[in-house]
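Note sheet for the following structure.
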Amino acid sequence: MTTTPPTSDGDGKFHFAIDRGGTFTDVFCRLPDGTEIVSKLLSEDPSHYSDAPTEGIRRVLDLYDTVKDNDSNQRLRTYPRNQPLNTSQLGSIRMGTTVATNALLERQGARMALIITKGFADLLEIGNQSRPDIFDLTCAKPSLLYEQVVEVDERVTLSQFYTEATAYKKATGITKEEVSIVQTPDLDKVKADLLKLKEAGITSLAISFCHAYTFGDHEQMVAKVAEEMGCFDQISLSSQVMPMVQLVPRGHTCCAAAYLTPKITTYLQSFIKGFDEHLQTNVPLTFMKSDGGLAPFNDFGGHQAILSGPAGGVVGYAKTTYNKEDKIPVIGFDMGGTSTDCSRYDGQWDHVFETVTAGVAIQAPQLDIHTVAAGGGSRLFLDRGMFIVGPESAGAHPGPVCYRKNGHLAVTDANAVLGRVLPQHFPKIFGPNEDEPLYTEGAREAFEELSSRPEAQGRSPEALAYGFLQVANEAMCRPIRNLTQMKGFDITTHKLACFGGAGPQHACAIAKALGMKKVFVHRYGGILSAYGLSLADAVHEEQTPAAEKYDGKVPDSGMERLAELADTATKQLVKQGYDTEGIVIERFVNMRYEGTDNAIMIPESPDMPFDKAFEAQYQREFGFTLQGRDLLIDDYRVRAIVLGQELDNPPQPPSLGVPENTLGTTRAYFENGWEEVPVYKIEDLKPGHEIAGPCIIVQPISTVILEIGCDAVITANGDISITVASSDEDHADDKLAEIKEDPVKLSIFSHRFMGIAEQMGRTLQRTAISVNMKERLDFSCALFTKDGGLVANAPHIPVHLGAMQAAVRFQVEYWNSEGREGIQEGDVLVSNHPQLAGGSHLPDITVITPVFYKGDIIFFVASRGHHADIGGIAPGSMPPHSQCLEDEGAMIVAFKLVRDGEFQEAGITEILHSPGKLPGNFGTRNLRDNLSDLRAQVAANNSGIRLLQELVHEYGLQVVEAYMFFIQRNAEQSVRNMLKEFAKEHGTTTKAIDFMDDGSPIALTITIDPDSGSATFDFTGTGPQVLGNHNAPPAVTYSAVIYSLRSLVGKSIPLNQGCLAPIEFIIPKYTLLNPSSDAGVVGGNVLTSQRIVDVVLKAFSACAASQGCMNNLTFGDDKFGYYETIAGGAGAGPKWHGRSGVHTHCTNTRITDPEILERRYPVLLHEFALRKGSGGHGKYNGGDGVIRELEPLRPLVMSILSERRTLHPYGLEGGEEGACGRNLLIKKDGIMVNMGGRCSGNLGVGERLRIETPGGGGFGAPEEEKKLEP
């Protein structure tokens, strides 16, 4: 234990703040006299204690709690193990815990069932239908939280699209929206279903009904029945857990509450048993919530606990590092064993309201914490010509090599070998008897083994270790860049607050890499999460949904609701024992522009009305505001707060100069190699001491590495304030005789290039208006060399992967051809023509921006996004029956969207309206969204330009260009190696053929050169182009092949032009895959692309066919157009079952939440569920397709463009075929009519469109006695 002098007077009691982490439990205690002590113990040590926080409290009390004996002498009170602790001297206990997080990660919660509206039994399993990793053919997702589902025949929907004559009973929801009660639940049937759950051993229920965010009566009716049965430990209602619109995340959150709350309750009961009977009555026991506020133990729900531990760290650095006088914003950097958490604080808590943890969408206020899988335990690999760090972790067991458990080489080993971790100052807890120091020599031997690998390039073990540290640091820089640059903040104006066991070892290097000038290491940096708990506010939140317009002010009804929320929240805190006078009320209004879903929670401010604050934040984050749109209010929120301890900020004491290095010197490895550096013990450093790097400062629980060029000063409170030498050198014009490929730099540039493409994507998502781009994420962003070669394509939409390169190269050639004006600085290019300009189909518009340096083009950046309507013969610009390209919308071969910095609105408007000049055709039906999304694409490109220019200034143009080439070459070699391995095992020639529903063959012969790894992909034998729209331009084939190759490689390789460099394509002209310039192609991008992938994967015998379709649905009228693609079944593979209800291969777009769909559009969604049994049987079964059934609430044109309605998705190796899909019209009288694969029609009120998507094929012959279930 470490003792620190008092920072405040004691009150005669022990006050504990404890952070129970996955590996260690950190304890901070303020003793009765005000002295502060910190300690650390293992979170799990069953041979010595059953609960770490209880043991931590016991140890402190046993050492410091005194009692007077009969002679009035002070003596220590004894606290033996395994006996309830005396609570008479306890002043408070505050805790942060990973109990809920671990239960979620390990799926160790309560036995739980989901109660949901009929038709949506599988809704949470389908989710938003996207897959986490687009190149993972298994489409792996975490398992579900619930064991069983009960569908309740109840239905509520919004009344706004119903006519007055509709005979449903009406009610007013809490949002003031009128709802129609279509069906009331049959409670007798509900009770019978619940009895079955009881008999099955279910103990917890999550009840989530459609539109319960505004009308929760049906949930309450069912809950009452369950409560009266008395057999369920936990009953969670979505309308109470988090009453926010969106059924999927609200349902997941409700499930998390039902699944995790019993686990927390069990832990609390166990914890309480460790104390005497007075704990609950005499000792305030509170827990940290994910939003950074403390809640009493009996009001701590599972869904609020996901970030309980990390939230304490955010509070800790916010209250110790942020200075209210200089107001310099702070980045929190919490580096642990398996991951690193990054966050930002600028005087206000930055909350988000929807996150995904362990595959579960949590809709609740949480601090905005970004996590990256890089920590002290991140494993190190040399592979594919690069230094790879993580995401695999060595964990605590076996841990890094230096832990003496036959572990894996990890970041901690690199620090040990480099002398940055000193074994003599590290706990001796290793070896079979847990009494030996870190095994540095063992770690060094492991690096020596790596030095023989070609990627090592003759490096010494120390140089290898240092290279891995550089790559690890770059991986941890990415989330920090995202936190700042993504939201419009300048990263260099921030201070870096580092904590966690490993954070201080890396902080200076990361600050230097990011251009940050200040680093702050708190004296309790190793246990800052626990210390933060001691400073945290007590908070109670209340929130209610709304559906109101902001018309210059919050409506009177809204002010009344805010007052009611404030009153409720205040009463809750008073109930906990707080005085009313000490309670601060913060009011928030969740606002968005009409027609968007991007709501921003705006705090009330005395300086600015809500609308001005909203516009200011929107402008900063997105770079523009929307004119002429109403502001809408989605939610009212109140935080009632009792402020925690505020720390003094004493002035910096006078300089004491350089202190004596009481621990001598040591050899440590820095950027210039080995250095003999001083080692300081933090306890020997006094306020005012000044220390220059390089050196090492040993803290009780962590080690601070002061890099070269960094200077530290000890503050009045004993903390370490570090000034980082800034590198303002501009390397853009550096000239080097020769640049040799370095695997460390290759890894770093791989991170940087992909990070830039990803940031472009985030900018586009934030700034776009349409549902297609902002919600469905139907876009891609990429970087290119000056000749248009693809360098990095963020993994957004697979069908865009290789296609944009053709578009960029066409524009370069077009504008630089004889007689044309060329490309000037300030120009932005736009195109979409599939056959002539490298497009995929007309709705996908590509915006291309040149990157200039000193008057010359050095790179290009581009973004391609799917626009919901660009004209054509049908709403949504995806006509099922188009026969030529002009039927499908506006065509752009080459146009300057921006000329000399001016957005050419008139010119692009004319182009988008031009289809309307043709008979029977129409111009765009949504020009406003088109223009807004095009501006968003320009903004995304501009963000890429800025980041590329920063990279050039940092490394030099010559170096950046060289590594663009090296990255492409690395990807090329990875593909060549995969092809060589295949040829060695399966031969040099492989063939495959599959057919479109009209009988058109797609034939492929692959011939591989086993020596070079090059291959010819010959599509000779493919059918002729068709008088329809499923012709596919060559760019689509390139994308499908690059996606397939990247998936077959099976490892994370750079995604760029190099993937196709080994491939020679033969695609005969005027075939389905190389049609004439006037052929219809809108279906080729979304249907034929999927079939090409199925053919390629069949040739490699990789897996059975997936659904082979995107199921493109459009509907609308003359006022709007809506577009979505619908999931299906994935094909099974040699070791896996196909995933059900997921988007596969060439698409990964999200689907609109049922409540958002019905709130925005005049449709009723009757069913969205898995199509059970549609996957092909096999040793491994194919995934099931889905059923999606919609009813228009006013006459609409509904169109479906689909495949696999005639020919089945194939099985492999004896696996059975998947089921074909069906598109059905259900008439008012119930008669079903098969509409075929490509259909469009006028549907009236009372009719329904039912889409049944295909299943995936099975793999391997089915086992006769027992078929394996997914």
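In the structure tokens, the first chain shown is A, the next is B, and so on; residue numbers restart at 1 for each chain, and ligands run from 1 in the order shown.
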Show which residues sit within 9 Å of region 490-506 of chain A, as a compact mmCIF listing (two decimals) with N, CA and C atoms, in the first residue's frame. Count only C-alpha atoms, and ignore same-chain residues fewer than 3 positions away.
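Output below, filename out_22.txt:
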# COMPACT_ATOMS: atom_id res chain seq x y z
N GLY A 313 -12.51 6.31 -14.70
CA GLY A 313 -11.27 6.91 -15.21
C GLY A 313 -11.52 8.24 -15.89
N TYR A 317 -9.68 11.74 -14.70
CA TYR A 317 -8.80 12.68 -15.42
C TYR A 317 -9.50 14.02 -15.64
N ALA A 318 -10.83 14.00 -15.80
CA ALA A 318 -11.54 15.26 -16.01
C ALA A 318 -11.39 16.17 -14.80
N THR A 321 -7.23 16.93 -14.32
CA THR A 321 -6.41 17.48 -15.40
C THR A 321 -6.99 18.74 -16.01
N TYR A 322 -8.31 18.78 -16.15
CA TYR A 322 -8.93 19.94 -16.79
C TYR A 322 -8.86 21.16 -15.88
N ILE A 328 -8.16 24.30 -21.46
CA ILE A 328 -7.57 23.45 -22.49
C ILE A 328 -8.26 22.09 -22.44
N PRO A 329 -8.86 21.65 -23.54
CA PRO A 329 -9.54 20.34 -23.52
C PRO A 329 -8.55 19.21 -23.32
N VAL A 330 -9.05 18.10 -22.79
CA VAL A 330 -8.19 16.99 -22.39
C VAL A 330 -8.62 15.71 -23.11
N ILE A 331 -7.63 14.96 -23.57
CA ILE A 331 -7.87 13.62 -24.09
C ILE A 331 -7.45 12.62 -23.02
N GLY A 332 -8.36 11.73 -22.66
CA GLY A 332 -8.03 10.68 -21.71
C GLY A 332 -7.48 9.47 -22.42
N PHE A 333 -6.38 8.92 -21.89
CA PHE A 333 -5.70 7.79 -22.52
C PHE A 333 -5.48 6.73 -21.45
N ASP A 334 -6.34 5.73 -21.44
CA ASP A 334 -6.34 4.70 -20.40
C ASP A 334 -5.91 3.39 -21.02
N MET A 335 -4.64 3.05 -20.85
CA MET A 335 -4.09 1.85 -21.48
C MET A 335 -3.99 0.74 -20.46
N GLY A 336 -4.73 -0.34 -20.73
CA GLY A 336 -4.70 -1.48 -19.84
C GLY A 336 -4.00 -2.66 -20.47
N GLY A 337 -4.38 -3.86 -20.02
CA GLY A 337 -3.71 -5.05 -20.50
C GLY A 337 -4.17 -5.51 -21.87
N THR A 340 -7.21 -0.27 -24.95
CA THR A 340 -6.97 1.12 -24.55
C THR A 340 -8.25 1.92 -24.77
N GLY A 375 -3.20 -3.06 -26.11
CA GLY A 375 -2.83 -2.84 -24.71
C GLY A 375 -1.53 -3.54 -24.41
N GLY A 376 -1.18 -3.58 -23.15
CA GLY A 376 0.07 -4.21 -22.77
C GLY A 376 0.14 -5.68 -23.15
N THR A 412 4.03 -5.73 -23.62
CA THR A 412 4.75 -5.67 -22.35
C THR A 412 6.15 -6.26 -22.50
N ASN A 415 8.40 -3.61 -24.05
CA ASN A 415 8.83 -2.63 -23.06
C ASN A 415 9.90 -3.20 -22.12
N ARG A 420 12.32 -0.40 -20.56
CA ARG A 420 11.30 0.59 -20.19
C ARG A 420 10.43 0.08 -19.04
N VAL A 421 10.53 -1.17 -18.74
CA VAL A 421 9.94 -1.74 -17.53
C VAL A 421 11.08 -2.32 -16.73
N LEU A 469 6.66 -1.31 -30.81
CA LEU A 469 6.11 -0.21 -30.01
C LEU A 469 5.61 0.92 -30.91
N ASN A 473 1.82 2.18 -30.92
CA ASN A 473 1.47 3.57 -30.65
C ASN A 473 0.59 4.14 -31.76
N ILE A 480 -7.83 8.36 -31.00
CA ILE A 480 -7.69 9.76 -30.55
C ILE A 480 -7.96 10.71 -31.71
N ARG A 481 -7.44 10.37 -32.88
CA ARG A 481 -7.75 11.20 -34.07
C ARG A 481 -9.26 11.21 -34.33
N LEU A 483 -11.68 10.86 -32.21
CA LEU A 483 -12.38 11.63 -31.18
C LEU A 483 -12.34 13.13 -31.45
N THR A 484 -11.26 13.58 -32.07
CA THR A 484 -11.06 15.01 -32.23
C THR A 484 -11.36 15.47 -33.66
N GLN A 485 -10.58 15.00 -34.60
CA GLN A 485 -10.74 15.46 -35.97
C GLN A 485 -12.12 15.14 -36.52
N ALA A 509 5.32 9.29 -26.33
CA ALA A 509 5.50 8.91 -27.73
C ALA A 509 4.23 9.18 -28.53
N ILE A 510 3.08 8.91 -27.93
CA ILE A 510 1.81 9.14 -28.63
C ILE A 510 1.56 10.63 -28.79
N ALA A 511 1.85 11.41 -27.75
CA ALA A 511 1.68 12.86 -27.85
C ALA A 511 2.56 13.43 -28.96
N LEU A 514 1.09 12.73 -32.32
CA LEU A 514 -0.13 13.47 -32.61
C LEU A 514 0.07 14.98 -32.64
N GLY A 515 1.28 15.43 -32.31
CA GLY A 515 1.53 16.87 -32.28
C GLY A 515 0.98 17.56 -31.06
N MET A 516 0.70 16.81 -29.99
CA MET A 516 0.19 17.40 -28.75
C MET A 516 1.36 17.92 -27.91
N LYS A 517 1.13 19.01 -27.20
CA LYS A 517 2.22 19.70 -26.51
C LYS A 517 2.32 19.35 -25.03
N LYS A 518 1.23 18.83 -24.44
CA LYS A 518 1.23 18.59 -22.99
C LYS A 518 0.74 17.19 -22.67
N VAL A 519 1.41 16.59 -21.68
CA VAL A 519 0.99 15.29 -21.13
C VAL A 519 0.89 15.45 -19.62
N PHE A 520 -0.13 14.87 -19.03
CA PHE A 520 -0.31 14.96 -17.58
C PHE A 520 -0.43 13.56 -17.01
N VAL A 521 0.41 13.28 -16.01
CA VAL A 521 0.37 11.99 -15.33
C VAL A 521 0.05 12.23 -13.87
N HIS A 522 -1.15 11.84 -13.46
CA HIS A 522 -1.55 12.06 -12.08
C HIS A 522 -0.79 11.11 -11.15
N TYR A 524 -1.87 9.35 -8.97
CA TYR A 524 -2.61 8.10 -8.84
C TYR A 524 -2.95 7.52 -10.22
N GLY A 525 -2.09 7.81 -11.20
CA GLY A 525 -2.38 7.39 -12.57
C GLY A 525 -2.63 5.90 -12.70
N GLY A 526 -1.98 5.10 -11.87
CA GLY A 526 -2.16 3.65 -11.95
C GLY A 526 -3.50 3.19 -11.44
N ILE A 527 -4.19 4.03 -10.65
CA ILE A 527 -5.51 3.64 -10.11
C ILE A 527 -6.50 4.80 -10.29
N LEU A 528 -6.37 5.54 -11.39
CA LEU A 528 -7.16 6.77 -11.54
C LEU A 528 -8.66 6.50 -11.61
N SER A 529 -9.05 5.32 -12.11
CA SER A 529 -10.48 5.00 -12.13
C SER A 529 -11.04 4.95 -10.71
N ILE A 701 2.58 2.05 -9.05
CA ILE A 701 1.80 1.09 -9.81
C ILE A 701 2.04 1.23 -11.31
N SER A 702 2.89 2.11 -11.73
CA SER A 702 3.17 2.26 -13.15
C SER A 702 4.54 2.90 -13.34
N THR A 703 4.98 2.92 -14.60
CA THR A 703 6.28 3.49 -14.94
C THR A 703 6.07 4.58 -15.98
N VAL A 704 6.67 5.74 -15.77
CA VAL A 704 6.56 6.86 -16.69
C VAL A 704 7.83 6.91 -17.54
N ILE A 705 7.65 6.89 -18.86
CA ILE A 705 8.78 7.00 -19.78
C ILE A 705 8.78 8.42 -20.34
N LEU A 706 9.85 9.15 -20.02
CA LEU A 706 10.01 10.50 -20.57
C LEU A 706 10.88 10.39 -21.82
- Please run DSSP on the backbone and report, as a ChimeraX atom specification, all residues within region 1073-1189 of chain A that come out as helix (DSSP H, G or I). /A:1082-1099,1154-1160
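Of the residues listed (A:Leu42, A:Ala563, A:Met95, A:Val315), A:Met95 shows the shortest atom-to-atom separation from Phe28 (chain A); distances use only C-alpha atoms.
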- Which residues, written as a PyMOL selection string, have at least one atom at most 8 Å from Ser1140 (chain A), with only C-alpha atoms counted and residues fewer than 3 positions away on the same chain left out? chain A and resi 126+1128-1130+1170+1182-1186+1255
Those residues you just picked out, can you put them in a file as a short mmCIF file (atom, residue, chain, number, x, y, z; two decimals), in the first residue's frame with N, CA, C and O atoms?
data_model
loop_
_atom_site.label_atom_id
_atom_site.label_comp_id
_atom_site.auth_asym_id
_atom_site.auth_seq_id
_atom_site.Cartn_x
_atom_site.Cartn_y
_atom_site.Cartn_z
N ILE A 126 -31.73 -10.39 -36.25
CA ILE A 126 -31.40 -9.75 -37.53
C ILE A 126 -30.72 -8.42 -37.29
O ILE A 126 -29.77 -8.05 -37.97
N GLY A 1128 -30.60 -11.95 -46.26
CA GLY A 1128 -30.98 -13.32 -46.57
C GLY A 1128 -30.08 -14.29 -45.84
O GLY A 1128 -29.49 -13.96 -44.81
N GLY A 1129 -29.93 -15.49 -46.38
CA GLY A 1129 -29.11 -16.51 -45.74
C GLY A 1129 -27.71 -16.55 -46.32
O GLY A 1129 -27.51 -16.38 -47.52
N ALA A 1130 -26.72 -16.80 -45.47
CA ALA A 1130 -25.33 -16.95 -45.90
C ALA A 1130 -25.03 -18.42 -46.14
O ALA A 1130 -25.60 -19.30 -45.48
N LEU A 1170 -37.03 -14.31 -39.46
CA LEU A 1170 -36.30 -15.32 -40.21
C LEU A 1170 -37.27 -16.26 -40.91
O LEU A 1170 -38.35 -16.58 -40.38
N GLY A 1182 -26.98 -24.16 -44.29
CA GLY A 1182 -27.00 -22.80 -44.79
C GLY A 1182 -27.86 -21.91 -43.91
O GLY A 1182 -28.76 -22.39 -43.20
N GLY A 1183 -27.59 -20.62 -43.94
CA GLY A 1183 -28.38 -19.68 -43.15
C GLY A 1183 -29.76 -19.47 -43.74
O GLY A 1183 -29.98 -19.62 -44.95
N ASP A 1184 -30.72 -19.14 -42.89
CA ASP A 1184 -32.09 -18.87 -43.34
C ASP A 1184 -32.22 -17.47 -43.90
O ASP A 1184 -31.56 -16.53 -43.43
N GLY A 1185 -33.10 -17.33 -44.88
CA GLY A 1185 -33.47 -16.01 -45.36
C GLY A 1185 -34.42 -15.33 -44.39
O GLY A 1185 -34.62 -15.79 -43.26
N VAL A 1186 -35.02 -14.23 -44.83
CA VAL A 1186 -35.94 -13.49 -43.97
C VAL A 1186 -37.28 -13.30 -44.68
O VAL A 1186 -37.40 -13.48 -45.89
N GLY A 1255 -32.47 -18.63 -48.87
CA GLY A 1255 -31.56 -19.14 -47.86
C GLY A 1255 -30.21 -19.45 -48.48
O GLY A 1255 -30.04 -19.43 -49.70
#
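When CA of Gln89 (chain A) is paired with CA of Phe297 (chain A), their separation reads 19.6 Å.
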- CA of Glu671 (chain A) to CA of Glu474 (chain A), straight-line distance in Å: 15.0 Å
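Ranking A:Thr580, A:Ser1077, A:Thr1149, A:Asn816 by their shortest atom-to-atom distance to Asp778 (chain A), with only C-alpha atoms included, puts A:Thr1149 first.
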- Task: Any chance you could list, as a PyMOL selection string, the residues in region 645-782 of chain A that come up strand (DSSP E or B) when DSSP is run on the backbone?
- Result: chain A and resi 657+665-670+673-681+689-692+695-698+703-706+710-714+720-724+779-782
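Going from CA of Arg459 (chain A) to CA of Ala374 (chain A) covers 23.2 Å.
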